[in-house]
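Listing of protein_18.csv; format and content: CSV, C-alpha atoms and all ligand atoms.
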```
chain,number,residue,atom,x,y,z
A,1,MET,CA,5.1,207.0,70.7
A,2,ARG,CA,6.5,205.1,67.9
A,3,THR,CA,4.2,202.6,66.2
A,4,LYS,CA,5.6,199.1,65.7
A,5,ARG,CA,6.6,198.4,62.1
A,6,LYS,CA,4.8,195.6,60.6
A,7,PHE,CA,4.7,193.6,57.4
A,8,THR,CA,1.3,192.6,56.0
A,9,ILE,CA,1.1,189.5,53.8
A,10,LEU,CA,-2.0,189.5,51.5
A,11,LEU,CA,-3.3,186.3,50.0
A,12,VAL,CA,-5.6,187.4,47.1
A,13,PRO,CA,-7.8,184.6,45.7
A,14,SER,CA,-8.3,184.2,41.9
A,15,SER,CA,-12.0,184.3,42.2
A,16,PRO,CA,-13.4,187.8,43.1
A,17,GLN,CA,-16.3,186.3,45.2
A,18,LYS,CA,-13.9,185.0,47.8
A,19,ARG,CA,-12.5,187.3,50.4
A,20,VAL,CA,-8.9,188.5,50.6
A,21,PHE,CA,-6.9,186.9,53.4
A,22,SER,CA,-4.4,189.1,55.1
A,23,ILE,CA,-1.9,188.6,58.0
A,24,SER,CA,0.2,191.2,59.7
A,25,VAL,CA,3.6,190.2,61.1
A,26,PRO,CA,5.8,192.6,63.2
A,27,VAL,CA,9.3,193.2,61.6
A,28,LEU,CA,11.0,191.9,64.7
A,29,VAL,CA,9.2,188.5,64.5
A,30,LEU,CA,9.9,188.2,60.8
A,31,SER,CA,13.6,188.9,61.5
A,32,ALA,CA,13.6,186.3,64.2
A,33,VAL,CA,12.1,183.8,61.9
A,34,PHE,CA,14.7,184.5,59.2
A,35,LEU,CA,17.5,184.4,61.7
A,36,ALA,CA,16.3,181.1,63.1
A,37,SER,CA,15.9,179.7,59.6
A,38,GLY,CA,19.5,180.8,58.9
A,39,ILE,CA,20.8,179.1,62.0
A,40,LEU,CA,18.9,175.9,61.2
A,41,LEU,CA,20.2,175.9,57.7
A,42,PHE,CA,23.8,176.5,58.9
A,43,MET,CA,23.5,173.7,61.4
A,44,ALA,CA,22.1,171.3,58.9
A,45,SER,CA,24.9,172.1,56.5
A,46,ALA,CA,27.5,171.7,59.2
A,47,GLY,CA,26.0,168.3,60.1
A,48,ALA,CA,26.0,167.1,56.6
A,49,TRP,CA,29.7,168.2,56.1
A,50,SER,CA,30.6,166.5,59.3
A,51,MET,CA,29.0,163.3,58.1
A,52,TYR,CA,30.8,163.5,54.8
A,53,ARG,CA,34.2,164.1,56.5
A,54,PHE,CA,33.5,161.3,58.9
A,55,GLN,CA,32.9,158.9,56.0
A,56,GLN,CA,36.0,160.1,54.3
A,57,VAL,CA,38.1,159.5,57.4
A,58,GLU,CA,36.5,156.1,57.8
A,59,GLN,CA,37.4,155.1,54.3
A,60,GLU,CA,41.0,156.4,54.7
A,61,SER,CA,41.3,154.4,57.9
A,62,GLN,CA,40.1,151.3,56.1
A,63,ARG,CA,42.5,151.9,53.3
A,64,LEU,CA,45.4,152.3,55.7
A,65,GLU,CA,44.4,149.2,57.6
A,66,MET,CA,44.4,147.3,54.3
A,67,GLU,CA,47.8,148.7,53.3
A,68,ASN,CA,49.1,147.8,56.7
A,69,ARG,CA,47.9,144.3,56.3
A,70,VAL,CA,49.6,144.0,52.9
A,71,ALA,CA,52.8,145.5,54.3
A,72,LYS,CA,52.8,143.0,57.2
A,73,SER,CA,52.3,140.1,54.8
A,74,GLN,CA,55.1,141.4,52.6
A,75,ILE,CA,57.4,141.7,55.6
A,76,GLN,CA,56.6,138.2,56.5
A,77,ASP,CA,57.4,137.0,53.0
A,78,GLN,CA,60.7,138.8,53.1
A,79,GLU,CA,61.5,137.3,56.5
A,80,ASN,CA,60.6,133.9,55.1
A,81,ARG,CA,62.9,134.5,52.1
A,82,ILE,CA,65.8,135.7,54.3
A,83,GLU,CA,65.4,132.6,56.4
A,84,TYR,CA,65.4,130.4,53.3
A,85,LEU,CA,68.4,132.1,51.9
A,86,THR,CA,70.2,132.0,55.2
A,87,ARG,CA,69.6,128.3,55.3
A,88,GLU,CA,70.7,127.9,51.7
A,89,ILE,CA,73.9,129.9,52.3
A,90,SER,CA,74.6,127.8,55.4
A,91,GLY,CA,74.2,124.7,53.3
A,92,ILE,CA,76.6,126.0,50.7
A,93,ARG,CA,79.1,126.9,53.4
A,94,GLU,CA,78.8,123.4,54.8
A,95,LYS,CA,79.6,121.9,51.4
A,96,ALA,CA,82.4,124.5,50.9
A,97,GLY,CA,83.8,123.3,54.2
A,98,TYR,CA,83.8,119.7,52.9
A,99,VAL,CA,85.7,120.7,49.8
A,100,GLN,CA,88.1,122.9,51.8
A,101,SER,CA,88.8,120.0,54.1
A,102,TYR,CA,89.3,117.7,51.1
A,103,LEU,CA,91.6,120.1,49.4
A,104,GLY,CA,93.5,120.5,52.7
A,105,LEU,CA,93.0,124.3,52.6
A,106,LYS,CA,91.9,124.5,56.2
A,107,PRO,CA,92.5,122.2,59.1
A,108,GLN,CA,89.5,120.2,60.3
A,109,GLY,CA,88.2,121.6,63.5
A,110,PRO,CA,88.2,119.8,66.9
A,111,GLY,CA,85.6,117.2,67.6
A,112,GLY,CA,85.8,115.5,64.2
A,113,GLY,CA,83.8,118.3,62.5
A,114,LYS,CA,80.6,116.3,62.0
A,115,ILE,CA,77.9,118.0,59.9
A,116,GLY,CA,75.3,119.8,61.9
A,117,GLN,CA,77.3,119.3,65.1
A,118,GLY,CA,76.3,121.8,67.7
A,119,GLY,CA,74.0,123.6,65.3
A,120,VAL,CA,75.9,126.9,65.7
A,121,GLU,CA,74.2,129.9,64.2
A,122,LEU,CA,75.8,132.3,61.8
A,123,THR,CA,77.4,135.3,63.4
A,124,SER,CA,80.3,137.4,62.3
A,125,GLN,CA,82.4,135.9,65.2
A,126,ASN,CA,81.4,132.4,64.2
A,127,THR,CA,81.5,132.0,60.5
A,128,ALA,CA,82.0,128.4,59.6
A,129,LEU,CA,84.7,128.9,57.0
A,130,SER,CA,86.7,131.4,58.9
A,131,SER,CA,86.4,129.5,62.2
A,132,LYS,CA,88.5,126.5,63.0
A,133,SER,CA,85.8,124.0,62.0
A,134,PRO,CA,84.6,124.1,58.4
A,135,PHE,CA,81.5,122.2,59.4
A,136,THR,CA,79.9,124.6,61.7
A,137,THR,CA,76.3,125.1,60.5
A,138,ILE,CA,72.8,126.2,61.3
A,139,HIS,CA,70.6,123.4,62.3
A,140,PRO,CA,67.8,123.0,59.7
A,141,SER,CA,65.1,122.6,62.4
A,142,ALA,CA,66.0,125.9,64.1
A,143,LYS,CA,62.8,128.1,64.3
A,144,THR,CA,64.1,131.6,64.8
A,145,PRO,CA,64.1,133.2,61.4
A,146,LYS,CA,64.6,136.7,62.7
A,147,THR,CA,67.8,135.6,64.6
A,148,HIS,CA,69.0,133.9,61.4
A,149,ALA,CA,68.3,136.9,59.3
A,150,ALA,CA,70.0,139.2,61.7
A,151,SER,CA,73.0,137.0,62.2
A,152,LEU,CA,73.8,136.6,58.5
A,153,SER,CA,76.0,139.6,57.7
A,154,ALA,CA,77.5,140.8,54.5
A,155,SER,CA,80.9,139.9,55.8
A,156,ASP,CA,79.8,136.3,56.1
A,157,ILE,CA,78.9,136.2,52.4
A,158,ARG,CA,82.2,138.0,51.5
A,159,GLN,CA,84.1,135.4,53.5
A,160,LEU,CA,82.2,132.6,51.7
A,161,ASP,CA,82.9,134.2,48.3
A,162,ALA,CA,86.7,134.5,49.2
A,163,ASP,CA,86.8,130.9,50.4
A,164,LEU,CA,85.1,129.7,47.2
A,165,GLN,CA,87.6,131.6,45.1
A,166,GLN,CA,90.4,130.1,47.0
A,167,MET,CA,89.0,126.6,46.3
A,168,VAL,CA,88.6,127.4,42.6
A,169,GLY,CA,92.2,128.4,42.5
A,170,ALA,CA,93.3,125.3,44.4
A,171,LEU,CA,91.2,123.1,42.0
A,172,GLN,CA,92.7,124.8,39.0
A,173,GLY,CA,96.2,124.2,40.3
A,174,ARG,CA,95.3,120.5,40.9
A,175,GLN,CA,93.8,120.2,37.5
A,176,GLU,CA,97.0,121.6,36.0
A,177,LYS,CA,99.0,119.1,38.1
A,178,LEU,CA,96.8,116.2,36.9
A,179,ASP,CA,97.1,117.4,33.3
A,180,ARG,CA,100.9,117.1,33.7
A,181,THR,CA,100.9,113.7,35.4
A,182,PRO,CA,101.4,110.7,33.0
A,183,SER,CA,98.2,108.8,33.5
A,184,VAL,CA,97.4,106.9,30.2
A,185,SER,CA,99.2,104.4,28.0
A,186,PRO,CA,101.4,105.9,25.3
A,187,VAL,CA,100.2,103.1,23.0
A,188,ASP,CA,96.6,101.9,22.4
A,189,SER,CA,96.3,98.7,24.4
A,190,GLN,CA,94.4,97.2,21.4
A,191,GLY,CA,96.9,95.2,19.3
A,192,SER,CA,99.8,95.8,21.6
A,193,TRP,CA,101.2,94.1,24.6
A,194,ILE,CA,103.8,94.4,27.4
A,195,SER,CA,106.8,92.5,26.1
A,196,SER,CA,109.1,93.4,29.0
A,197,SER,CA,108.3,94.7,32.4
A,198,TYR,CA,110.0,97.2,34.7
A,199,GLY,CA,112.7,96.1,37.1
A,200,VAL,CA,115.5,93.5,37.2
A,201,ARG,CA,115.4,91.1,34.2
A,202,ILE,CA,117.8,88.9,32.2
A,203,SER,CA,119.2,90.9,29.3
A,204,PRO,CA,118.3,89.3,25.9
A,205,PHE,CA,121.7,90.6,24.7
A,206,THR,CA,124.1,89.7,27.6
A,207,GLY,CA,122.1,86.9,29.3
A,208,LYS,CA,123.0,88.6,32.6
A,209,GLU,CA,120.7,90.3,35.2
A,210,GLN,CA,120.1,94.0,34.5
A,211,PHE,CA,117.8,96.7,35.6
A,212,HIS,CA,115.2,97.6,33.0
A,213,PRO,CA,114.2,101.2,33.8
A,214,GLY,CA,110.9,101.1,31.8
A,215,VAL,CA,108.4,98.9,30.1
A,216,ASP,CA,108.5,97.6,26.6
A,217,ILE,CA,105.3,97.7,24.7
A,218,ALA,CA,105.3,95.7,21.5
A,219,GLY,CA,103.0,96.1,18.5
A,220,ALA,CA,102.9,96.7,14.8
A,221,GLU,CA,105.5,98.9,13.1
A,222,LYS,CA,104.5,102.5,13.0
A,223,THR,CA,101.9,102.2,15.8
A,224,PRO,CA,101.2,105.8,16.9
A,225,ILE,CA,102.9,106.8,20.2
A,226,MET,CA,101.0,109.4,22.2
A,227,THR,CA,102.0,111.5,25.1
A,228,PRO,CA,100.4,110.5,28.4
A,229,ALA,CA,100.3,114.0,29.8
A,230,LYS,CA,100.8,117.7,28.9
A,231,GLY,CA,104.4,118.7,28.6
A,232,THR,CA,107.3,120.1,26.5
A,233,VAL,CA,109.5,118.1,24.2
A,234,THR,CA,113.1,118.3,25.5
A,235,PHE,CA,114.9,115.9,23.2
A,236,VAL,CA,114.3,114.4,19.7
A,237,GLY,CA,117.1,112.3,18.2
A,238,LYS,CA,119.2,109.2,18.4
A,239,ASP,CA,120.2,108.2,21.9
A,240,GLY,CA,122.6,105.2,21.7
A,241,PRO,CA,121.0,101.8,22.4
A,242,LEU,CA,117.6,103.5,22.6
A,243,GLY,CA,117.7,104.5,19.0
A,244,MET,CA,115.3,107.2,17.8
A,245,THR,CA,114.2,108.8,21.1
A,246,VAL,CA,111.8,111.5,22.2
A,247,ARG,CA,111.9,112.9,25.8
A,248,ILE,CA,109.2,115.1,27.3
A,249,LYS,CA,109.3,117.2,30.5
A,250,HIS,CA,105.8,117.4,32.0
A,251,ASP,CA,106.5,119.5,35.0
A,252,SER,CA,109.1,119.8,37.8
A,253,VAL,CA,108.2,116.2,38.8
A,254,TYR,CA,107.6,114.0,35.8
A,255,GLU,CA,109.7,113.3,32.7
A,256,THR,CA,109.1,110.6,30.1
A,257,THR,CA,111.2,108.8,27.5
A,258,TYR,CA,110.2,107.0,24.3
A,259,GLY,CA,112.8,104.8,22.7
A,260,HIS,CA,113.3,102.6,19.6
A,261,LEU,CA,111.0,104.8,17.5
A,262,HIS,CA,110.6,104.5,13.8
A,263,SER,CA,110.3,108.2,13.6
A,264,ALA,CA,109.3,111.3,15.7
A,265,SER,CA,106.6,113.7,14.8
A,266,VAL,CA,107.5,116.5,17.2
A,267,LYS,CA,110.3,118.9,17.5
A,268,LYS,CA,112.4,120.0,20.5
A,269,GLY,CA,110.7,122.7,22.4
A,270,GLN,CA,107.2,121.8,21.2
A,271,HIS,CA,104.4,121.9,23.7
A,272,VAL,CA,102.2,118.7,23.6
A,273,ASP,CA,98.9,117.8,25.2
A,274,ARG,CA,97.8,114.5,26.5
A,275,GLY,CA,97.0,112.1,23.6
A,276,GLU,CA,99.0,114.0,21.0
A,277,VAL,CA,101.0,111.8,18.6
A,278,ILE,CA,104.7,112.3,19.2
A,279,GLY,CA,106.1,109.5,17.0
A,280,TYR,CA,105.7,105.9,15.7
A,281,MET,CA,106.7,102.5,16.9
A,282,GLY,CA,109.9,101.2,15.4
A,283,ASN,CA,112.9,98.9,15.9
A,284,SER,CA,115.7,101.5,16.0
A,285,GLY,CA,118.7,101.2,18.3
A,286,ARG,CA,119.5,98.0,20.3
A,287,SER,CA,116.2,96.2,19.8
A,288,THR,CA,114.9,92.7,18.9
A,289,GLY,CA,111.6,93.7,17.4
A,290,HIS,CA,109.1,96.5,17.0
A,291,HIS,CA,108.4,97.9,20.4
A,292,LEU,CA,108.4,101.1,22.4
A,293,HIS,CA,110.7,101.5,25.4
A,294,TYR,CA,108.7,103.7,27.8
A,295,GLU,CA,110.3,105.3,30.8
A,296,ILE,CA,108.9,107.6,33.5
A,297,GLU,CA,111.1,109.5,35.8
A,298,LYS,CA,109.6,111.0,39.0
A,299,ASN,CA,111.8,113.6,40.7
A,300,GLY,CA,114.7,112.2,38.7
A,301,LYS,CA,114.1,108.5,39.6
A,302,ASN,CA,112.7,105.8,37.5
A,303,VAL,CA,109.3,104.5,38.5
A,304,ASN,CA,107.2,101.6,37.1
A,305,PRO,CA,105.3,103.1,34.1
A,306,LEU,CA,102.6,100.4,34.3
A,307,GLN,CA,101.3,102.2,37.5
A,308,TYR,CA,100.7,105.3,35.3
A,309,MET,CA,98.9,103.5,32.5
A,310,THR,CA,95.5,103.6,34.1
A,311,ASP,CA,93.7,102.9,30.8
A,312,TRP,CA,95.8,99.8,30.0
A,313,ASN,CA,93.7,96.8,29.4
A,314,SER,CA,95.0,94.3,31.9
A,315,ASP,CA,94.0,91.3,29.7
A,316,ASN,CA,97.0,92.1,27.6
A,317,LEU,CA,99.2,91.5,30.6
A,318,VAL,CA,98.5,87.8,30.2
A,319,MET,CA,100.9,87.7,27.3
A,320,LEU,CA,103.6,89.0,29.6
A,321,ALA,CA,103.2,86.0,31.9
A,322,GLU,CA,103.4,83.4,29.1
B,1,ZN,ZN,113.1,98.6,27.1
```

As structure tokens, what does this structure read like?
Ligand SMILES: [Zn+2]
Amino acid sequence: MRTKRKFTILLVPSSPQKRVFSISVPVLVLSAVFLASGILLFMASAGAWSMYRFQQVEQESQRLEMENRVAKSQIQDQENRIEYLTREISGIREKAGYVQSYLGLKPQGPGGGKIGQGGVELTSQNTALSSKSPFTTIHPSAKTPKTHAASLSASDIRQLDADLQQMVGALQGRQEKLDRTPSVSPVDSQGSWISSSYGVRISPFTGKEQFHPGVDIAGAEKTPIMTPAKGTVTFVGKDGPLGMTVRIKHDSVYETTYGHLHSASVKKGQHVDRGEVIGYMGNSGRSTGHHLHYEIEKNGKNVNPLQYMTDWNSDNLVMLAE
């Protein structure tokens, strides 16, 4: 029979008078105690690890939640901005529609095309500038930002850009036309006066009725004569009764003539801008005093130059009536 193996633990006191305390523990029990201790230690460690991981997951979750909230707020901001921009673009398009209509680039749509009429939203099928009505627009009080944002497409903006470019081109064309339309007096109205008006008059030379194809502006000798619009000098020289004469072709529509000059300061073929001095007032040709004979031809026919002298001081016209 095999005896049970035991471990004996001795507790020896420091004082020799006291007795030694001993305890015997079977190996099996000791092993069980160690095993149990090991298991307990393992479980405690596992528990602590789990707690640590749980806290980590919790923190991560809070971080993600925060990020999510920030992202949502950013998306809201973006939506607000898109809504704002959509409304702004709609406003620009509305104004562009006005200008287009004014320039006659697009026909005004049915229903009179009142601003804000119908409050039609932006869609690729219904762009204000490409549709019949240039005044179609988003109503400012509309409260569907997502719809607006979704309905504003890149092609809408491209269309708007193309329309604006078309308008710029049309305006430049108009500006060129205006630059080439006689619109100011060729003589400063200060110190000068209309001595003979356009139309039928009694000739100072023959005493008979005759058609005067321009206006006579009298003033001091050598008063500077300025071109009333951009153009090209087509004639410089003596022209019978008109004496020393300058003629300017402004465009295919307007041509102007300046007679009885003292002298010319431009040459044939020269380009001139509005306000440029082309010569000086004189008494050359068939004339009774220092004055400018000023004629405007529109499409080859004489017109009353006074209507093209927008800066002329009307007070000076009183002298004409006397
Ligand atoms: Zn005249």

Leaving out Ala220 (chain A) and any residue of its chain fewer than 2 positions from it, which residues lie within 9 Å of it when counting all atoms listed in the file, given as a compact mmCIF listing (two decimals) with C-alpha atoms, in the coordinates of the input?
```
# COMPACT_ATOMS: atom_id res chain seq x y z
CA GLY A 191 96.90 95.20 19.30
CA SER A 192 99.80 95.80 21.60
CA ALA A 218 105.30 95.70 21.50
CA LYS A 222 104.50 102.50 13.00
CA THR A 223 101.90 102.20 15.80
CA MET A 281 106.70 102.50 16.90
CA GLY A 282 109.90 101.20 15.40
CA HIS A 290 109.10 96.50 17.00
CA HIS A 291 108.40 97.90 20.40
```

Taking all atoms listed in the file into account, which residues are within 9 Å of ligand ZN 1 (chain B), as a PyMOL selection string? chain A and resi 195-198+212-217+242+259-260+287+291-295

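Using all atoms listed in the file, the contacts of Val99 (chain A) at a cut-off of 10 Å, with sequence neighbours closer than 6 positions omitted, comprise Arg93, Leu105, Lys106, Pro134, Leu164, Met167 and Leu171 of chain A.
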
Between A:Val272, A:Ile248, A:Leu160, A:Ala46, single out the one closest to Gln100 (chain A), counting all atoms listed in the file. A:Leu160

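Rounded to one decimal, CA of Tyr280 (chain A) and CA of Glu221 (chain A) lie 7.5 Å from each other.
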
Just how far from CA of Ser183 (chain A) is CA of Pro228 (chain A), in Å to one decimal? 5.8 Å

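Using only C-alpha atoms, the shortest contact distance between Thr181 (chain A) and any of A:Ile92, A:Met244, A:Ile296, A:Val236 is found at A:Ile296.
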
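When CA of Ile157 (chain A) is paired with CA of Gln175 (chain A), their separation reads 26.5 Å.
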
Env of Pro204 (chain A): 10 Å cut, atoms = all atoms listed in the file, seq-sep filter 5 positions within chain, self excluded. Answer as a PyMOL selection string. chain A and resi 209-210+287-288
